[in-house]
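For reference, the structure discussed in these notes is given below.
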Amino acid sequence: LVAKKLNLNLFETPTGWKFFGNVMDSKTLFGSVNYNPMICGEESFGTGSNHIREKDGLWAVLAWLSILAHYNKDPNAPLVHVEDIVKAHWKEYGRNYYSRYDYEGVSSSNANAVIDNLRKSFESLNGKSFGTFQVKEADEFTYYDPIDGSVSSRQGIRILFTDGSRIIFRLSGTAGSGATIRVYLEKYENNPELLNQITSSALENLVQIALEISRIVELT
């Protein structure tokens, strides 16, 4: 929504900072469009820009100090806090409530059974309603890199809802002590009355939908 309103380029990439690196180097290494300056962000809130090929905590702090300086140019005006800026952002664009659940130590066979069950459910899930949530699309994310033309398949099972909410399932590590099934939950909310909920409460229904769709309790 932010990129669309501000007419900015947006890249949705798989997990891995290397995918950001390609966008950063689009002109210098690939002779393509120069997309810099750019901001990269990941689900653990790691952020960075094209000055380094990794998340940078110091850069993130300086970025926020720059934002605060922008909103506090008048020394005689009341101080604008980070909370004020964030709430103003939610008011304009809505809020995305987010959480991740990791099911660790799952046997490889059981973990694969969960993912296979989800793959078989794509057709039946499309258009299906779960309370107030309606599935817009269910698929397995494949990333077609617009910079070097590479294709990265099987990058996560996506359950996308018509309101902008989504559930993502990813399998991580299938050897040693077992596999980990990562469940990413993101609920979009633009009702002004519901922008200050506790995250666990906001995501409660989405959690139950994830468990129902994946049959993760039954299959593991």
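Labels used: A, B, ... for chains in the order of the structure tokens, numbers from 1 for residues in each chain, and numbers from 1 for ligands as shown.
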Task: Test item: residues at most 7 Å from Tyr101 of chain A, only C-alpha atoms, excluding those fewer than 4 positions along its chain, as a VMD selection string - done: chain A and resid 182 to 184
Next, write the just-selected residues to a file, as a PDB file, in the first residue's frame, keeping C-alpha atoms as the atom set.
```
ATOM      1  CA  ARG A 182       7.587 -22.236  10.411  1.00  0.00           C
ATOM      2  CA  VAL A 183       4.129 -20.657  10.350  1.00  0.00           C
ATOM      3  CA  TYR A 184       3.977 -16.935   9.565  1.00  0.00           C
TER       4      TYR A 184
END
```
TODO: Write out as a ChimeraX atom specification the residues lying within 8 Å of segment 24-30 of chain A, counting only C-alpha atoms and excluding same-chain residues fewer than 5 positions away.
DONE: /A:35-36,38,50,147-148
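Minimum atom-to-atom distance to Gly94 of chain A, evaluated using only C-alpha atoms, belongs to A:Lys187 out of A:Lys187, A:Arg158, A:Lys4, A:Lys55.
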Open item on the list: Between A:Gln134, A:Asn22, A:Ser214, A:Asn7, which residue has the minimum interatomic distance to Lys120 of chain A, considering only C-alpha atoms?
Closed with: A:Ser214
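You can rank A:Arg170, A:Lys87, A:His70, A:Arg154 by their closest distance to Asp102 of chain A using only C-alpha atoms, and at the top of that list sits A:Arg170.
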TODO: From a DSSP calculation on the backbone, collect every residue of segment 71-208 of chain A in strand (DSSP E or B) and output the set as an MDAnalysis selection string.
DONE: chainID A and resid 95:106 129:130 133:140 143:144 151:152 157:161 166:172 179:189
Spatial neighbours of Ile181 of chain A, max dist 9 Å, only C-alpha atoms, sep filter under 5 positions, as a compact mmCIF listing (two decimals) with C-alpha atoms, in the first residue's frame:
```
# COMPACT_ATOMS: atom_id res chain seq x y z
CA TYR A 101 5.24 -19.94 15.29
CA ASP A 102 8.00 -22.55 14.98
CA TYR A 103 7.16 -26.25 15.31
CA GLU A 104 10.60 -27.71 16.02
CA GLY A 105 11.93 -31.25 16.22
CA VAL A 106 9.32 -32.66 13.83
CA ALA A 111 6.92 -32.39 8.35
CA VAL A 114 2.08 -31.35 6.43
CA ILE A 115 3.58 -29.55 3.43
CA PHE A 169 4.18 -22.20 5.84
CA ARG A 170 7.88 -22.97 5.35
CA LEU A 171 9.88 -26.11 6.00
CA SER A 172 13.34 -25.56 7.44
CA GLY A 173 16.05 -28.13 8.17
```
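Atom pair atom CA of Phe122 of chain A / atom CA of Asn110 of chain A: separated by 19.3 Å.
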Within 8 Å of Glu186 of chain A, counting only C-alpha atoms, which residues qualify if same-chain residues fewer than 5 places away don't, as an mmCIF file with N, CA, C and O atoms, in the first residue's frame?
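Written out: part-v1.cif:
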```cif
data_model
loop_
_atom_site.group_PDB
_atom_site.id
_atom_site.type_symbol
_atom_site.label_atom_id
_atom_site.label_comp_id
_atom_site.auth_asym_id
_atom_site.auth_seq_id
_atom_site.Cartn_x
_atom_site.Cartn_y
_atom_site.Cartn_z
ATOM 1 N N ASN A 96 -0.486 -4.046 10.068
ATOM 2 C CA ASN A 96 -0.286 -5.480 9.845
ATOM 3 C C ASN A 96 0.150 -6.116 11.162
ATOM 4 O O ASN A 96 1.272 -5.882 11.628
ATOM 5 N N TYR A 97 -0.744 -6.894 11.761
ATOM 6 C CA TYR A 97 -0.390 -7.650 12.968
ATOM 7 C C TYR A 97 0.369 -8.898 12.531
ATOM 8 O O TYR A 97 -0.083 -9.629 11.645
ATOM 9 N N TYR A 98 1.506 -9.158 13.158
ATOM 10 C CA TYR A 98 2.370 -10.251 12.684
ATOM 11 C C TYR A 98 2.894 -11.096 13.838
ATOM 12 O O TYR A 98 3.199 -10.586 14.924
ATOM 13 N N SER A 99 3.020 -12.398 13.572
ATOM 14 C CA SER A 99 3.686 -13.296 14.509
ATOM 15 C C SER A 99 4.159 -14.537 13.755
ATOM 16 O O SER A 99 3.706 -14.814 12.643
ATOM 17 N N SER A 165 -4.640 -10.110 4.455
ATOM 18 C CA SER A 165 -4.025 -10.986 5.457
ATOM 19 C C SER A 165 -3.399 -12.192 4.757
ATOM 20 O O SER A 165 -3.716 -12.500 3.603
ATOM 21 N N ARG A 166 -2.530 -12.910 5.457
ATOM 22 C CA ARG A 166 -1.911 -14.089 4.843
ATOM 23 C C ARG A 166 -1.323 -15.027 5.891
ATOM 24 O O ARG A 166 -1.001 -14.615 7.011
ATOM 25 N N ILE A 167 -1.211 -16.292 5.483
ATOM 26 C CA ILE A 167 -0.550 -17.319 6.292
ATOM 27 C C ILE A 167 0.503 -17.966 5.387
ATOM 28 O O ILE A 167 0.214 -18.322 4.238
ATOM 29 N N LEU A 203 -4.619 -11.879 16.167
ATOM 30 C CA LEU A 203 -4.287 -13.022 15.311
ATOM 31 C C LEU A 203 -4.987 -14.320 15.717
ATOM 32 O O LEU A 203 -4.791 -15.357 15.083
#
```
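Taking atom CA of Ser124 of chain A and atom CA of Leu1 of chain A as the two end points, the separation is 28.5 Å.
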